[in-house]
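Student: structure.csv is reproduced in full below (CSV, C-alpha atoms).
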```csv
chain,number,residue,atom,x,y,z
A,1,ILE,CA,-58.7,45.0,80.9
A,2,ILE,CA,-58.3,43.3,84.3
A,3,THR,CA,-62.0,42.7,84.6
A,4,CYS,CA,-62.4,41.3,81.1
A,5,VAL,CA,-59.4,38.9,81.5
A,6,HIS,CA,-60.7,37.8,84.9
A,7,HIS,CA,-64.1,37.1,83.4
A,8,ILE,CA,-62.7,35.1,80.5
A,9,LYS,CA,-60.3,33.2,82.7
A,10,HIS,CA,-63.0,32.2,85.1
A,11,ARG,CA,-65.9,31.5,82.8
A,12,ILE,CA,-68.1,28.5,83.4
A,13,SER,CA,-65.9,25.5,83.0
A,14,ARG,CA,-66.8,22.6,80.7
A,15,ASP,CA,-67.9,20.5,83.7
A,16,GLY,CA,-70.7,23.0,84.4
A,17,SER,CA,-69.4,24.4,87.7
A,18,GLU,CA,-70.5,27.8,88.7
A,19,GLU,CA,-69.0,31.0,87.4
A,20,GLN,CA,-66.6,32.9,89.6
A,21,PRO,CA,-67.8,36.3,90.9
A,22,PRO,CA,-66.4,39.4,89.3
A,23,ILE,CA,-63.1,40.6,90.6
A,24,ASP,CA,-63.4,43.2,93.4
A,25,SER,CA,-61.7,46.5,92.5
A,26,THR,CA,-61.1,47.3,96.2
A,27,THR,CA,-58.8,44.3,96.8
A,28,TYR,CA,-55.0,44.4,97.0
A,29,GLU,CA,-54.8,41.8,94.2
A,30,PHE,CA,-56.7,44.2,91.9
A,31,ARG,CA,-54.5,47.2,92.7
A,32,GLU,CA,-51.4,45.1,92.1
A,33,LEU,CA,-52.7,43.9,88.7
A,34,LYS,CA,-53.7,47.5,87.8
A,35,ALA,CA,-50.2,48.8,88.6
A,36,SER,CA,-48.7,45.9,86.6
A,37,VAL,CA,-50.9,46.8,83.5
A,38,ILE,CA,-50.0,50.5,83.8
A,39,ASP,CA,-46.3,49.6,84.0
A,40,CYS,CA,-46.6,47.4,80.9
A,41,GLU,CA,-48.4,50.2,79.0
A,42,ARG,CA,-45.6,52.5,79.9
A,43,HIS,CA,-43.0,50.1,78.5
A,44,ILE,CA,-45.0,49.7,75.3
A,45,LEU,CA,-45.4,53.5,74.8
A,46,LYS,CA,-41.7,53.9,75.5
A,47,GLU,CA,-40.8,51.3,72.8
A,48,LEU,CA,-43.1,53.0,70.4
A,49,GLY,CA,-41.5,56.3,71.1
A,50,PHE,CA,-44.8,57.6,72.3
A,51,CYS,CA,-45.9,57.7,68.6
A,52,VAL,CA,-49.4,56.3,68.7
A,53,HIS,CA,-51.0,58.2,65.8
A,54,ILE,CA,-52.3,55.7,63.3
A,55,VAL,CA,-53.7,56.5,59.9
A,56,HIS,CA,-56.4,54.0,59.1
A,57,PRO,CA,-56.1,52.9,55.5
A,58,HIS,CA,-59.7,51.9,54.9
A,59,LYS,CA,-60.6,55.2,53.4
A,60,LEU,CA,-57.6,55.0,51.0
A,61,ILE,CA,-59.2,51.9,49.4
A,62,ILE,CA,-62.2,53.9,48.3
A,63,SER,CA,-60.0,56.9,47.2
A,64,TYR,CA,-57.7,54.7,45.1
A,65,GLN,CA,-60.7,52.9,43.6
A,66,VAL,CA,-62.3,56.1,42.5
A,67,ILE,CA,-58.9,57.5,41.2
A,68,LEU,CA,-58.4,54.3,39.1
A,69,GLY,CA,-61.8,54.8,37.5
A,70,LEU,CA,-63.4,51.8,39.1
A,71,GLY,CA,-66.2,53.9,40.5
A,72,HIS,CA,-68.0,52.7,43.6
A,73,ASN,CA,-68.0,49.0,42.7
A,74,HIS,CA,-69.5,47.5,45.9
A,75,GLU,CA,-68.0,44.1,45.2
A,76,ILE,CA,-64.4,45.3,44.9
A,77,THR,CA,-64.8,47.6,47.9
A,78,GLN,CA,-66.3,44.9,50.1
A,79,LEU,CA,-63.6,42.4,49.2
A,80,ALA,CA,-60.7,44.9,49.6
A,81,TRP,CA,-62.3,46.0,52.9
A,82,SER,CA,-62.4,42.4,54.1
A,83,TYR,CA,-58.7,41.9,53.3
A,84,MET,CA,-58.0,45.1,55.2
A,85,ASN,CA,-59.9,43.9,58.3
A,86,ASP,CA,-57.9,40.7,58.2
A,87,ALA,CA,-54.7,42.7,58.0
A,88,LEU,CA,-55.6,44.5,61.1
A,89,ARG,CA,-55.1,41.3,63.0
A,90,THR,CA,-51.5,41.1,62.0
A,91,ALA,CA,-48.3,43.1,62.5
A,92,ILE,CA,-48.2,44.2,58.9
A,93,PHE,CA,-48.9,47.8,59.8
A,94,LEU,CA,-45.6,47.9,61.7
A,95,ARG,CA,-43.7,46.9,58.5
A,96,PHE,CA,-45.4,48.8,55.7
A,97,PRO,CA,-47.0,52.2,55.2
A,98,CYS,CA,-50.8,52.5,55.1
A,99,GLU,CA,-50.7,53.4,51.4
A,100,ALA,CA,-48.9,50.2,50.5
A,101,ILE,CA,-51.3,48.1,52.5
A,102,SER,CA,-54.3,49.8,50.9
A,103,CYS,CA,-52.8,49.1,47.5
A,104,ALA,CA,-52.1,45.5,48.4
A,105,CYS,CA,-55.7,44.9,49.6
A,106,LEU,CA,-57.2,46.6,46.6
A,107,ASN,CA,-54.9,44.6,44.3
A,108,LEU,CA,-55.9,41.3,46.0
A,109,ALA,CA,-59.5,42.1,45.5
A,110,LEU,CA,-59.0,43.0,41.8
A,111,CYS,CA,-57.1,39.7,41.2
A,112,ARG,CA,-59.7,37.7,43.1
A,113,LEU,CA,-62.4,39.2,40.9
A,114,GLY,CA,-60.4,38.7,37.7
A,115,VAL,CA,-60.0,42.4,37.0
A,116,TYR,CA,-56.6,42.8,35.3
A,117,MET,CA,-54.8,46.1,35.6
A,118,PRO,CA,-51.1,46.9,34.9
A,119,PRO,CA,-49.1,47.9,38.0
A,120,TRP,CA,-51.2,50.8,39.0
A,121,TRP,CA,-49.7,51.3,42.4
A,122,ASP,CA,-46.7,53.1,40.8
A,123,CYS,CA,-49.0,56.1,40.5
A,124,PHE,CA,-49.0,56.3,44.3
A,125,ASP,CA,-45.2,55.8,44.6
A,126,ILE,CA,-45.6,52.3,46.1
A,127,SER,CA,-43.0,49.7,45.2
A,128,ASP,CA,-43.8,46.3,43.8
A,129,ASP,CA,-42.1,44.7,46.8
A,130,ALA,CA,-44.4,46.6,49.2
A,131,VAL,CA,-47.5,45.4,47.4
```
Is it possible to give me this structure as C-alpha coordinates?

Tutor:
Amino acid sequence: IITCVHHIKHRISRDGSEEQPPIDSTTYEFRELKASVIDCERHILKELGFCVHIVHPHKLIISYQVILGLGHNHEITQLAWSYMNDALRTAIFLRFPCEAISCACLNLALCRLGVYMPPWWDCFDISDDAV
(Lines of atoms letter the chains of each structure in order from A and count residues from 1; the text may use other names and numbers.)
(Lines give C-alpha, C1' and ligand atoms only; values in the text may rest on other atoms or scores of the structure.)
Protein backbone atom coordinates (compact mmCIF):
# COMPACT_ATOMS: atom_id res chain seq x y z
CA ILE A 1 0.00 0.00 0.00
CA ILE A 2 2.73 2.42 0.98
CA THR A 3 4.74 1.77 -2.18
CA CYS A 4 1.69 2.21 -4.44
CA VAL A 5 0.57 5.42 -2.75
CA HIS A 6 4.11 6.80 -2.88
CA HIS A 7 4.32 5.99 -6.58
CA ILE A 8 0.96 7.61 -7.36
CA LYS A 9 1.77 10.65 -5.23
CA HIS A 10 5.11 11.19 -6.92
CA ARG A 11 4.28 10.43 -10.56
CA ILE A 12 5.69 12.59 -13.26
CA SER A 13 4.16 16.00 -12.82
CA ARG A 14 2.41 17.87 -15.62
CA ASP A 15 5.44 20.05 -16.15
CA GLY A 16 7.47 16.99 -17.18
CA SER A 17 9.85 16.89 -14.23
CA GLU A 18 11.47 13.62 -13.32
CA GLU A 19 9.73 10.90 -11.40
CA GLN A 20 10.74 10.38 -7.77
CA PRO A 21 12.64 7.18 -6.95
CA PRO A 22 10.69 4.41 -5.17
CA ILE A 23 10.43 4.70 -1.42
CA ASP A 24 13.21 2.90 0.42
CA SER A 25 11.79 0.21 2.72
CA THR A 26 14.77 0.49 5.07
CA THR A 27 14.15 4.09 6.08
CA TYR A 28 12.62 5.33 9.29
CA GLU A 29 9.87 7.10 7.31
CA PHE A 30 8.81 3.82 5.70
CA ARG A 31 8.74 1.97 9.03
CA GLU A 32 6.60 4.73 10.57
CA LEU A 33 4.17 4.67 7.65
CA LYS A 34 3.98 0.88 7.86
CA ALA A 35 3.20 1.01 11.58
CA SER A 36 0.52 3.63 10.90
CA VAL A 37 -1.10 1.48 8.19
CA ILE A 38 -1.10 -1.56 10.49
CA ASP A 39 -2.67 0.52 13.26
CA CYS A 40 -5.40 1.74 10.89
CA GLU A 41 -6.06 -1.83 9.73
CA ARG A 42 -6.48 -2.90 13.36
CA HIS A 43 -9.03 -0.13 13.95
CA ILE A 44 -10.98 -1.12 10.85
CA LEU A 45 -11.00 -4.79 11.87
CA LYS A 46 -12.13 -3.85 15.37
CA GLU A 47 -15.00 -1.74 13.98
CA LEU A 48 -16.02 -4.64 11.73
CA GLY A 49 -15.98 -6.98 14.70
CA PHE A 50 -13.31 -9.00 12.90
CA CYS A 51 -16.08 -10.26 10.62
CA VAL A 52 -14.48 -10.09 7.19
CA HIS A 53 -16.19 -13.03 5.50
CA ILE A 54 -17.97 -11.71 2.44
CA VAL A 55 -20.34 -13.60 0.18
CA HIS A 56 -19.92 -12.37 -3.37
CA PRO A 57 -23.33 -12.07 -4.98
CA HIS A 58 -22.23 -12.48 -8.62
CA LYS A 59 -23.00 -16.19 -8.66
CA LEU A 60 -26.47 -15.50 -7.26
CA ILE A 61 -27.35 -13.54 -10.40
CA ILE A 62 -26.90 -16.62 -12.56
CA SER A 63 -28.67 -18.88 -10.06
CA TYR A 64 -31.67 -16.57 -9.85
CA GLN A 65 -31.76 -16.22 -13.62
CA VAL A 66 -31.90 -20.01 -14.08
CA ILE A 67 -34.50 -20.46 -11.31
CA LEU A 68 -36.70 -17.80 -12.95
CA GLY A 69 -36.58 -19.73 -16.22
CA LEU A 70 -34.58 -17.10 -18.06
CA GLY A 71 -31.97 -19.69 -18.98
CA HIS A 72 -28.48 -18.50 -19.68
CA ASN A 73 -29.39 -15.32 -21.54
CA HIS A 74 -26.01 -13.68 -22.05
CA GLU A 75 -27.44 -10.18 -22.48
CA ILE A 76 -29.33 -10.26 -19.17
CA THR A 77 -26.38 -11.81 -17.36
CA GLN A 78 -23.89 -9.29 -18.77
CA LEU A 79 -26.02 -6.28 -17.86
CA ALA A 80 -26.83 -7.55 -14.35
CA TRP A 81 -23.14 -8.38 -13.87
CA SER A 82 -22.21 -4.83 -14.90
CA TYR A 83 -24.63 -3.39 -12.35
CA MET A 84 -23.09 -5.67 -9.72
CA ASN A 85 -19.57 -4.49 -10.59
CA ASP A 86 -20.72 -0.88 -10.24
CA ALA A 87 -22.30 -1.70 -6.87
CA LEU A 88 -18.95 -3.00 -5.62
CA ARG A 89 -17.67 0.57 -5.72
CA THR A 90 -20.29 1.71 -3.23
CA ALA A 91 -21.15 1.00 0.40
CA ILE A 92 -24.38 -0.78 -0.52
CA PHE A 93 -23.00 -4.12 0.67
CA LEU A 94 -22.89 -2.72 4.18
CA ARG A 95 -26.60 -1.87 4.08
CA PHE A 96 -28.24 -4.81 2.30
CA PRO A 97 -27.73 -8.57 2.13
CA CYS A 98 -26.11 -10.05 -0.97
CA GLU A 99 -29.34 -11.73 -1.99
CA ALA A 100 -31.16 -8.40 -2.14
CA ILE A 101 -28.37 -6.77 -4.14
CA SER A 102 -28.37 -9.65 -6.62
CA CYS A 103 -32.14 -9.35 -7.03
CA ALA A 104 -31.83 -5.59 -7.54
CA CYS A 105 -29.12 -5.97 -10.19
CA LEU A 106 -31.05 -8.64 -12.04
CA ASN A 107 -34.25 -6.59 -11.83
CA LEU A 108 -32.46 -3.52 -13.19
CA ALA A 109 -31.17 -5.58 -16.10
CA LEU A 110 -34.62 -6.99 -16.83
CA CYS A 111 -36.20 -3.52 -16.72
CA ARG A 112 -33.49 -2.07 -18.94
CA LEU A 113 -34.05 -4.82 -21.52
CA GLY A 114 -37.84 -4.43 -21.36
CA VAL A 115 -38.52 -7.82 -19.80
CA TYR A 116 -41.52 -7.49 -17.48
CA MET A 117 -41.93 -9.90 -14.60
CA PRO A 118 -44.13 -9.55 -11.52
CA PRO A 119 -42.28 -9.06 -8.21
CA TRP A 120 -40.29 -12.29 -8.46
CA TRP A 121 -37.92 -11.48 -5.58
CA ASP A 122 -40.65 -12.48 -3.12
CA CYS A 123 -39.71 -16.11 -3.95
CA PHE A 124 -36.34 -15.43 -2.32
CA ASP A 125 -37.75 -13.66 0.75
CA ILE A 126 -36.47 -10.26 -0.38
CA SER A 127 -38.63 -7.22 0.39
CA ASP A 128 -39.68 -4.66 -2.18
CA ASP A 129 -37.86 -1.97 -0.19
CA ALA A 130 -34.57 -3.88 -0.38
CA VAL A 131 -34.84 -4.20 -4.16

Student: So that I can check the surroundings of region 53-66 of chain A, please list as a ChimeraX atom specification every protein, DNA and RNA residue that reaches within 12 Å of it, counting all atoms listed in the file and ignoring chain neighbours fewer than 6 positions away.

Tutor: /A:45,72-88,93-94,96-110,120-124

Student: Work out how far apart CA of Ile2 (chain A) and CA of Thr90 (chain A) are and give it in Å to one decimal.

Tutor: 23.4 Å

Student: Can you measure CA of Thr27 (chain A) to CA of His6 (chain A) for me? One decimal in Å is fine.

Tutor: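 These two atoms are separated by 13.7 Å.
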
Student: What is the distance between CA of Val131 (chain A) and CA of Ile92 (chain A), in Å to one decimal?

Tutor: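 We find that CA of Val131 (chain A) and CA of Ile92 (chain A) lie 11.6 Å from each other.
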
Student: Using all atoms listed in the file - which residues lie no farther than 10 Å from the point (-61.4, 44.1, 82.9) in the file's frame? Write them as number ranges by chain.

Tutor: A: 1-8, 22-23, 25, 34

Student: Which of these, A:Leu113, A:Ala130, A:Val37, A:Gly71, has the shortest distance to Arg95 (chain A) once you count all atoms listed in the file?

Tutor: A:Ala130
